[in-house]
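The file my_file.csv contains CSV, C-alpha atoms:
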chain,number,residue,atom,x,y,z
A,1010,MET,CA,20.6,-0.9,-23.3
A,1011,SER,CA,20.4,2.9,-23.3
A,1012,SER,CA,21.9,5.2,-20.6
A,1013,THR,CA,18.3,6.0,-19.5
A,1014,GLU,CA,17.5,2.4,-19.0
A,1015,ILE,CA,20.7,1.8,-17.1
A,1016,ALA,CA,20.0,4.7,-14.8
A,1017,TYR,CA,16.5,3.5,-14.2
A,1018,GLU,CA,17.7,0.0,-13.3
A,1019,LYS,CA,20.4,1.4,-10.9
A,1020,LYS,CA,17.8,3.6,-9.2
A,1021,GLU,CA,15.4,0.7,-8.8
A,1022,HIS,CA,18.2,-1.6,-7.4
A,1023,ILE,CA,19.1,1.1,-4.8
A,1024,MET,CA,15.5,1.5,-3.8
A,1025,ASP,CA,15.0,-2.3,-3.6
A,1026,ILE,CA,18.0,-2.6,-1.2
A,1027,ALA,CA,16.9,0.5,0.8
A,1028,GLU,CA,13.4,-0.8,1.2
A,1029,LYS,CA,14.7,-4.1,2.7
A,1030,LEU,CA,17.0,-2.2,5.1
A,1031,PHE,CA,14.4,0.4,6.2
A,1032,ALA,CA,11.8,-2.3,6.8
A,1033,GLU,CA,14.2,-4.4,8.9
A,1034,TYR,CA,16.0,-1.8,10.9
A,1035,GLY,CA,14.0,1.5,10.6
A,1036,TYR,CA,15.0,4.8,9.0
A,1037,GLU,CA,17.3,6.1,11.8
A,1038,ALA,CA,19.4,2.9,12.1
A,1039,VAL,CA,20.3,2.7,8.4
A,1040,SER,CA,23.2,4.9,7.4
A,1041,THR,CA,24.0,6.1,3.9
A,1042,ARG,CA,27.2,4.1,4.1
A,1043,LYS,CA,25.3,0.9,4.9
A,1044,LEU,CA,22.9,1.6,2.0
A,1045,ALA,CA,25.8,2.0,-0.4
A,1046,ALA,CA,27.6,-1.1,0.8
A,1047,ASP,CA,24.6,-3.3,0.6
A,1048,ALA,CA,23.6,-2.0,-2.8
A,1049,GLN,CA,27.3,-2.3,-3.9
A,1050,VAL,CA,27.4,1.3,-5.1
A,1051,ASN,CA,29.3,4.3,-3.9
A,1052,ILE,CA,27.8,7.0,-1.7
A,1053,ALA,CA,28.1,9.5,-4.5
A,1054,MET,CA,25.8,7.5,-6.7
A,1055,ILE,CA,23.1,7.6,-4.0
A,1056,SER,CA,23.6,11.3,-3.7
A,1057,TYR,CA,23.5,11.7,-7.5
A,1058,TYR,CA,20.2,9.8,-8.0
A,1059,PHE,CA,18.4,10.8,-4.8
A,1060,GLY,CA,20.1,13.7,-3.0
A,1061,SER,CA,19.9,12.7,0.6
A,1062,LYS,CA,18.9,9.6,2.7
A,1063,GLU,CA,15.6,11.3,3.4
A,1064,ASP,CA,15.0,11.9,-0.3
A,1065,LEU,CA,15.8,8.2,-1.0
A,1066,TYR,CA,13.3,7.2,1.8
A,1067,LEU,CA,10.6,9.4,0.2
A,1068,ALA,CA,11.3,7.8,-3.2
A,1069,VAL,CA,10.9,4.3,-1.7
A,1070,ILE,CA,7.6,5.4,-0.2
A,1071,GLU,CA,6.3,7.1,-3.3
A,1072,ARG,CA,7.2,4.1,-5.5
A,1073,ARG,CA,5.2,1.7,-3.4
A,1074,ILE,CA,2.3,3.6,-2.0
A,1075,LEU,CA,-1.0,2.8,-3.7
A,1076,SER,CA,-2.3,5.6,-5.7
A,1077,LEU,CA,-5.9,5.1,-6.9
A,1078,ARG,CA,-5.2,7.7,-9.6
A,1079,THR,CA,-4.2,4.7,-11.8
A,1080,ALA,CA,-7.8,3.6,-11.5
A,1081,THR,CA,-9.4,6.7,-13.0
A,1082,HIS,CA,-10.7,4.7,-15.9
A,1083,ILE,CA,-12.7,2.7,-13.4
A,1084,ILE,CA,-13.8,5.5,-11.2
A,1085,ASP,CA,-15.0,7.5,-14.2
A,1086,ASP,CA,-16.6,4.5,-16.0
A,1087,LYS,CA,-20.3,5.4,-16.3
A,1088,HIS,CA,-21.2,1.8,-17.2
A,1089,MET,CA,-19.9,0.5,-13.8
A,1090,THR,CA,-22.1,0.5,-10.7
A,1091,HIS,CA,-20.9,2.1,-7.5
A,1092,LEU,CA,-20.6,-1.3,-6.0
A,1093,ASP,CA,-18.6,-2.7,-8.9
A,1094,LYS,CA,-16.1,0.3,-8.6
A,1095,LEU,CA,-15.6,-0.3,-4.9
A,1096,LEU,CA,-15.1,-4.1,-5.3
A,1097,HIS,CA,-12.6,-3.5,-8.1
A,1098,LEU,CA,-10.7,-1.1,-5.8
A,1099,VAL,CA,-10.8,-3.8,-3.0
A,1100,ASP,CA,-9.0,-6.1,-5.4
A,1101,MET,CA,-6.3,-3.4,-6.1
A,1102,ILE,CA,-5.8,-2.6,-2.4
A,1103,ILE,CA,-5.4,-6.3,-1.4
A,1104,ASP,CA,-3.1,-7.0,-4.3
A,1105,ARG,CA,-0.8,-4.1,-3.2
A,1106,PHE,CA,-0.8,-5.2,0.4
A,1107,PHE,CA,0.3,-8.7,-0.6
A,1108,GLU,CA,2.9,-7.5,-3.2
A,1109,ASN,CA,4.5,-4.8,-1.0
A,1110,ARG,CA,4.7,-6.4,2.5
A,1111,LEU,CA,8.1,-4.9,3.3
A,1112,PHE,CA,6.9,-1.4,2.3
A,1113,HIS,CA,3.9,-1.7,4.7
A,1114,GLN,CA,6.3,-2.4,7.6
A,1115,ILE,CA,8.0,0.9,6.8
A,1116,MET,CA,4.7,2.8,6.4
A,1117,TYR,CA,3.1,1.7,9.6
A,1118,ARG,CA,6.3,2.2,11.6
A,1119,GLU,CA,6.5,5.7,10.1
A,1120,MET,CA,2.9,6.5,10.9
A,1121,GLY,CA,3.7,5.8,14.6
A,1122,MET,CA,6.5,8.3,14.6
A,1123,SER,CA,6.1,12.0,15.4
A,1124,ASN,CA,9.6,13.4,14.8
A,1125,ARG,CA,9.6,13.4,11.0
A,1126,SER,CA,6.7,15.5,10.1
A,1127,LYS,CA,7.8,16.0,6.5
A,1128,ILE,CA,7.7,12.3,5.8
A,1129,PHE,CA,4.5,11.7,7.8
A,1130,ASN,CA,2.7,14.5,6.0
A,1131,PHE,CA,3.9,13.2,2.6
A,1132,MET,CA,2.5,9.7,3.4
A,1133,MET,CA,-0.8,11.1,4.8
A,1134,ASP,CA,-1.3,13.3,1.7
A,1135,LYS,CA,-1.0,10.2,-0.5
A,1136,TRP,CA,-3.3,8.1,1.7
A,1137,LEU,CA,-5.9,10.8,2.1
A,1138,HIS,CA,-6.2,11.1,-1.6
A,1139,ASN,CA,-7.1,7.4,-1.8
A,1140,PHE,CA,-9.5,7.6,1.2
A,1141,ASN,CA,-11.3,10.5,-0.5
A,1142,ILE,CA,-11.8,8.5,-3.7
A,1143,LEU,CA,-13.4,5.7,-1.7
A,1144,LYS,CA,-15.4,8.2,0.3
A,1145,HIS,CA,-16.7,9.9,-2.8
A,1146,ILE,CA,-17.9,6.6,-4.3
A,1147,ILE,CA,-19.6,5.6,-1.0
A,1148,GLU,CA,-21.2,9.0,-0.4
A,1149,ASP,CA,-22.3,9.4,-4.0
A,1150,GLY,CA,-23.9,5.9,-3.8
A,1151,ILE,CA,-25.8,6.9,-0.6
A,1152,GLN,CA,-26.9,10.1,-2.1
A,1153,LYS,CA,-28.2,8.3,-5.2
A,1154,LYS,CA,-29.9,5.7,-3.0
A,1155,VAL,CA,-28.0,2.7,-4.5
A,1156,PHE,CA,-26.3,2.2,-1.1
A,1157,LYS,CA,-28.0,2.3,2.3
A,1158,LYS,CA,-26.9,5.0,4.7
A,1159,VAL,CA,-23.7,3.9,6.4
A,1160,ASP,CA,-20.8,5.6,8.1
A,1161,ALA,CA,-18.5,6.2,5.2
A,1162,GLY,CA,-15.4,6.8,7.4
A,1163,PHE,CA,-15.7,3.5,9.2
A,1164,THR,CA,-16.5,1.7,6.0
A,1165,ILE,CA,-13.2,3.0,4.5
A,1166,LEU,CA,-11.3,1.9,7.7
A,1167,THR,CA,-12.8,-1.6,7.2
A,1168,ILE,CA,-11.7,-1.7,3.5
A,1169,ILE,CA,-8.1,-0.6,4.4
A,1170,GLY,CA,-7.8,-2.1,7.9
A,1171,THR,CA,-8.8,-5.7,7.1
A,1172,PRO,CA,-5.9,-6.4,4.6
A,1173,ARG,CA,-3.6,-4.3,6.7
A,1174,MET,CA,-4.3,-6.4,9.8
A,1175,TYR,CA,-3.9,-9.7,7.9
A,1176,VAL,CA,-0.5,-8.7,6.4
A,1177,GLN,CA,0.9,-6.8,9.4
A,1178,SER,CA,-0.1,-9.6,11.8
A,1179,ASP,CA,0.7,-12.5,9.6
A,1180,HIS,CA,1.8,-14.8,12.5
A,1181,MET,CA,-1.5,-14.2,14.1
A,1182,ALA,CA,-3.3,-14.8,10.8
A,1183,GLN,CA,-1.4,-18.1,10.4
A,1184,LYS,CA,-2.8,-19.3,13.8
A,1185,ILE,CA,-6.3,-18.0,13.3
A,1186,MET,CA,-6.6,-19.5,9.8
A,1187,ASN,CA,-5.0,-22.7,11.0
A,1188,LEU,CA,-2.2,-22.6,8.4
A,1189,LYS,CA,0.9,-24.8,8.6
A,1190,SER,CA,3.4,-22.2,7.7
A,1191,LEU,CA,3.8,-18.4,7.3
A,1192,ASP,CA,4.3,-18.9,3.6
A,1193,GLU,CA,0.7,-20.2,3.3
A,1194,VAL,CA,-0.5,-16.8,4.6
A,1195,TYR,CA,0.6,-15.3,1.3
A,1196,MET,CA,-0.6,-18.0,-1.1
A,1197,LEU,CA,-2.9,-17.0,-3.9
A,1198,GLU,CA,-5.7,-19.1,-2.4
A,1199,MET,CA,-5.5,-17.1,0.8
A,1200,LYS,CA,-5.4,-13.8,-1.1
A,1201,ASN,CA,-8.5,-14.8,-3.0
A,1202,ARG,CA,-10.2,-15.8,0.2
A,1203,LEU,CA,-9.5,-12.4,1.7
A,1204,LYS,CA,-10.8,-10.7,-1.4
A,1205,ASN,CA,-14.0,-12.7,-1.4
A,1206,HIS,CA,-14.5,-12.1,2.3
A,1207,LEU,CA,-14.0,-8.4,2.1
A,1208,LYS,CA,-16.2,-8.1,-1.0
A,1209,ASP,CA,-19.0,-10.0,0.7
A,1210,LEU,CA,-18.7,-7.9,3.8
A,1211,ILE,CA,-18.8,-4.6,1.8
A,1212,THR,CA,-21.6,-5.8,-0.4
A,1213,ASN,CA,-23.8,-6.9,2.5
A,1214,HIS,CA,-22.9,-3.7,4.4
A,1215,LEU,CA,-23.9,-1.3,1.6
A,1216,SER,CA,-26.7,-3.2,-0.3
A,1217,LYS,CA,-30.2,-1.9,0.4
For this file, produce the structure as structure tokens.
Amino acid sequence: MSSTEIAYEKKEHIMDIAEKLFAEYGYEAVSTRKLAADAQVNIAMISYYFGSKEDLYLAVIERRILSLRTATHIIDDKHMTHLDKLLHLVDMIIDRFFENRLFHQIMYREMGMSNRSKIFNFMMDKWLHNFNILKHIIEDGIQKKVFKKVDAGFTILTIIGTPRMYVQSDHMAQKIMNLKSLDEVYMLEMKNRLKNHLKDLITNHLSK
């Protein structure tokens, strides 16, 4: 294994531990000493790879936050309909919510804070980029008369808010969906049910 690969694995390991700690205790309650102890590295290594605790926190956020830039081949595909593009992005968004549950605990706690404007603004810039991509597809579809006229903002909130509610309120979801355990909330069957539900909702909402 090369030195670059070793460094990458160490950084990923530190971020994995940091993500668990930040999700469980919150940013303020987690010290650099605690991070180093749980990751079984020295504090100097955290400083070397990330600089400060805040920079590590930003790295954890940036690693996990969904960027629809990775879907440019879909967004720019002239052979896909506007609806097909939206439905594909719905798949991506729900996959990320299910895969990164710890991260979303961090993110929505952070969005309720007001004393760390640098981190809040960083997160909002990332999310607004994603919202604007969804908004562009919806508004372009309306302009080209392939979608009926709808409120694009509330449509985006539905696309993002539905999986967010399901994952962030998983105990409630378990009761509402009459599931036997919390683990069942995150089974592939339930993820596919959520995808199909949201796709049907969006299709019926936008179709003329």
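Nearest residue to Phe1131 in chain A, choosing from A:Gln1049, A:Asp1160, A:Met1116, A:Ser1216 and counting all atoms listed in the file: A:Met1116.
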Handout entry: Contacts of range 1033-1046 of chain A within 10 Å, all atoms listed in the file, excl. fewer than 5 positions in-chain, as a VMD selection string
Key = chain A and resid 1023 to 1024 1026 to 1028 1051 to 1056 1061 to 1063 1065 to 1066 1111 1114 to 1115 1118 to 1119
Fill in the blank from the handout: Residue with the minimum atom-to-atom distance to Lys1154 in chain A, picked from A:Leu1207, A:Lys1217, A:Met1174, A:Glu1071 with only C-alpha atoms counted, is A:Lys1217
Exercise for the section: Could you jot down the CA of Ile1070 in chain A to CA of Lys1019 in chain A separation for me, Å, one decimal place? Expected result: 17.2 Å
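Note that CA of Ala1032 in chain A and CA of His1138 in chain A are 24.0 Å apart.
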Can you pull out the residues contacting Ile1211 in chain A? Cut-off 12 Å, using all atoms listed in the file, and skip same-chain residues under 6 positions away; I want them as a compact mmCIF listing (two decimals) with C-alpha atoms, keeping the file's coordinate frame.
# COMPACT_ATOMS: atom_id res chain seq x y z
CA HIS A 1091 -20.90 2.10 -7.50
CA LEU A 1092 -20.60 -1.30 -6.00
CA ASP A 1093 -18.60 -2.70 -8.90
CA LYS A 1094 -16.10 0.30 -8.60
CA LEU A 1095 -15.60 -0.30 -4.90
CA LEU A 1096 -15.10 -4.10 -5.30
CA HIS A 1097 -12.60 -3.50 -8.10
CA LEU A 1098 -10.70 -1.10 -5.80
CA VAL A 1099 -10.80 -3.80 -3.00
CA ILE A 1147 -19.60 5.60 -1.00
CA PHE A 1156 -26.30 2.20 -1.10
CA LYS A 1157 -28.00 2.30 2.30
CA VAL A 1159 -23.70 3.90 6.40
CA ALA A 1161 -18.50 6.20 5.20
CA PHE A 1163 -15.70 3.50 9.20
CA THR A 1164 -16.50 1.70 6.00
CA ILE A 1165 -13.20 3.00 4.50
CA LEU A 1166 -11.30 1.90 7.70
CA THR A 1167 -12.80 -1.60 7.20
CA ILE A 1168 -11.70 -1.70 3.50
CA ILE A 1169 -8.10 -0.60 4.40
CA THR A 1171 -8.80 -5.70 7.10
CA LYS A 1204 -10.80 -10.70 -1.40
CA ASN A 1205 -14.00 -12.70 -1.40
CA LYS A 1217 -30.20 -1.90 0.40
Handout entry: All residues 12 Å or closer to Gln1183 in chain A, all atoms listed in the file, same chain fewer than 6 positions away omitted, as a PyMOL selection string
Key = chain A and resi 1175-1177+1189-1196+1199
Exercise for the section: Go ahead and compute the interatomic distance for CA of Ile1084 in chain A and CA of Ile1142 in chain A, in Å to one decimal. Expected result: 8.3 Å
Exercise for the section: Kindly indicate which residue among A:Ile1083, A:Tyr1058, A:His1214, A:Ile1146 lies nearest to Met1101 in chain A, using all atoms listed in the file for the distances. Expected result: A:Ile1083
Exercise for the section: Identify, on the basis of all atoms listed in the file, every residue whose closest approach to Gly1162 in chain A does not exceed 10 Å; exclude the query and any residue fewer than 5 positions from it along the same chain; express the result as a PyMOL selection string. Expected result: chain A and resi 1140-1141+1143-1144+1147-1148+1167
Would you place a box with edges along x, y and z of the file around all atoms of range 1042-1053 of chain A listed there, add 6 Å to each of its six sides, and report the centre and edge lengths in Å to one decimal, as lines of an AutoDock Vina configuration file?
center_x = 26.1
center_y = 3.1
center_z = -0.1
size_x = 18.4
size_y = 24.8
size_z = 22.0
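Nearest to Ile1128 in chain A of all the residues A:Val1069, A:Thr1212, A:Asn1109, A:Asn1187 is A:Val1069, counting all atoms listed in the file.
Ranking A:Met1089, A:Met1010, A:Leu1210, A:Val1050 by their shortest atom-to-atom distance to His1022 in chain A, with all atoms listed in the file included, puts A:Val1050 first.
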Problem - Among listed residues A:Lys1208, A:Phe1129, A:His1088, A:Asp1025, nearest Phe1112 in chain A (using only C-alpha atoms) - result: A:Asp1025
Would you output range 1092-1103 of chain A from that structure, restricted to all heavy atoms, as a compact mmCIF listing (two decimals), in the first residue's frame?
# COMPACT_ATOMS: atom_id res chain seq x y z
N LEU A 1092 -39.15 14.59 -16.33
CA LEU A 1092 -39.64 13.74 -15.25
C LEU A 1092 -38.65 12.63 -14.93
O LEU A 1092 -38.39 12.34 -13.76
CB LEU A 1092 -41.00 13.14 -15.63
CG LEU A 1092 -41.66 12.27 -14.54
CD1 LEU A 1092 -41.90 13.08 -13.27
CD2 LEU A 1092 -42.97 11.68 -15.05
N ASP A 1093 -38.07 12.01 -15.96
CA ASP A 1093 -37.08 10.96 -15.74
C ASP A 1093 -35.90 11.48 -14.93
O ASP A 1093 -35.37 10.79 -14.05
CB ASP A 1093 -36.58 10.40 -17.07
CG ASP A 1093 -37.60 9.48 -17.74
OD1 ASP A 1093 -38.51 9.00 -17.04
OD2 ASP A 1093 -37.48 9.27 -18.97
N LYS A 1094 -35.47 12.69 -15.22
CA LYS A 1094 -34.35 13.29 -14.49
C LYS A 1094 -34.71 13.47 -13.01
O LYS A 1094 -33.93 13.11 -12.11
CB LYS A 1094 -33.97 14.64 -15.10
CG LYS A 1094 -33.35 14.53 -16.48
CD LYS A 1094 -33.06 15.90 -17.07
CE LYS A 1094 -32.51 15.79 -18.48
NZ LYS A 1094 -32.20 17.11 -19.08
N LEU A 1095 -35.90 14.01 -12.76
CA LEU A 1095 -36.32 14.22 -11.38
C LEU A 1095 -36.43 12.90 -10.62
O LEU A 1095 -35.97 12.80 -9.48
CB LEU A 1095 -37.67 14.93 -11.34
CG LEU A 1095 -37.69 16.45 -11.35
CD1 LEU A 1095 -39.12 16.95 -11.20
CD2 LEU A 1095 -36.81 17.03 -10.25
N LEU A 1096 -37.01 11.89 -11.26
CA LEU A 1096 -37.20 10.61 -10.59
C LEU A 1096 -35.86 9.93 -10.30
O LEU A 1096 -35.70 9.26 -9.28
CB LEU A 1096 -38.10 9.70 -11.42
CG LEU A 1096 -39.53 10.21 -11.65
CD1 LEU A 1096 -40.36 9.16 -12.36
CD2 LEU A 1096 -40.19 10.62 -10.33
N HIS A 1097 -34.91 10.12 -11.20
CA HIS A 1097 -33.57 9.56 -10.95
C HIS A 1097 -32.93 10.27 -9.76
O HIS A 1097 -32.27 9.63 -8.92
CB HIS A 1097 -32.69 9.71 -12.19
CG HIS A 1097 -31.41 8.95 -12.09
ND1 HIS A 1097 -31.27 7.67 -12.58
CD2 HIS A 1097 -30.22 9.27 -11.52
CE1 HIS A 1097 -30.04 7.24 -12.33
NE2 HIS A 1097 -29.38 8.20 -11.70
N LEU A 1098 -33.11 11.57 -9.67
CA LEU A 1098 -32.55 12.32 -8.55
C LEU A 1098 -33.24 11.94 -7.24
O LEU A 1098 -32.60 11.93 -6.18
CB LEU A 1098 -32.66 13.83 -8.80
CG LEU A 1098 -31.81 14.33 -9.98
CD1 LEU A 1098 -32.03 15.82 -10.19
CD2 LEU A 1098 -30.33 14.04 -9.77
N VAL A 1099 -34.53 11.62 -7.29
CA VAL A 1099 -35.24 11.13 -6.11
C VAL A 1099 -34.57 9.86 -5.59
O VAL A 1099 -34.35 9.69 -4.38
CB VAL A 1099 -36.73 10.87 -6.42
CG1 VAL A 1099 -37.38 10.02 -5.33
CG2 VAL A 1099 -37.48 12.19 -6.55
N ASP A 1100 -34.23 8.95 -6.50
CA ASP A 1100 -33.51 7.73 -6.11
C ASP A 1100 -32.21 8.07 -5.39
O ASP A 1100 -31.89 7.50 -4.34
CB ASP A 1100 -33.18 6.89 -7.35
CG ASP A 1100 -34.31 5.97 -7.76
OD1 ASP A 1100 -35.15 5.64 -6.91
OD2 ASP A 1100 -34.36 5.59 -8.95
N MET A 1101 -31.44 8.99 -5.97
CA MET A 1101 -30.15 9.37 -5.38
C MET A 1101 -30.33 9.97 -3.99
O MET A 1101 -29.60 9.63 -3.05
CB MET A 1101 -29.45 10.40 -6.27
CG MET A 1101 -28.86 9.85 -7.55
SD MET A 1101 -27.99 11.15 -8.48
CE MET A 1101 -26.72 11.64 -7.31
N ILE A 1102 -31.31 10.85 -3.85
CA ILE A 1102 -31.54 11.54 -2.58
C ILE A 1102 -31.93 10.55 -1.49
O ILE A 1102 -31.40 10.57 -0.37
CB ILE A 1102 -32.62 12.63 -2.76
CG1 ILE A 1102 -32.04 13.79 -3.59
CG2 ILE A 1102 -33.11 13.15 -1.41
CD1 ILE A 1102 -33.09 14.75 -4.13
N ILE A 1103 -32.85 9.64 -1.80
CA ILE A 1103 -33.29 8.66 -0.79
C ILE A 1103 -32.16 7.70 -0.44
O ILE A 1103 -31.96 7.36 0.73
CB ILE A 1103 -34.54 7.90 -1.29
CG1 ILE A 1103 -35.73 8.86 -1.33
CG2 ILE A 1103 -34.85 6.70 -0.38
CD1 ILE A 1103 -37.01 8.26 -1.89
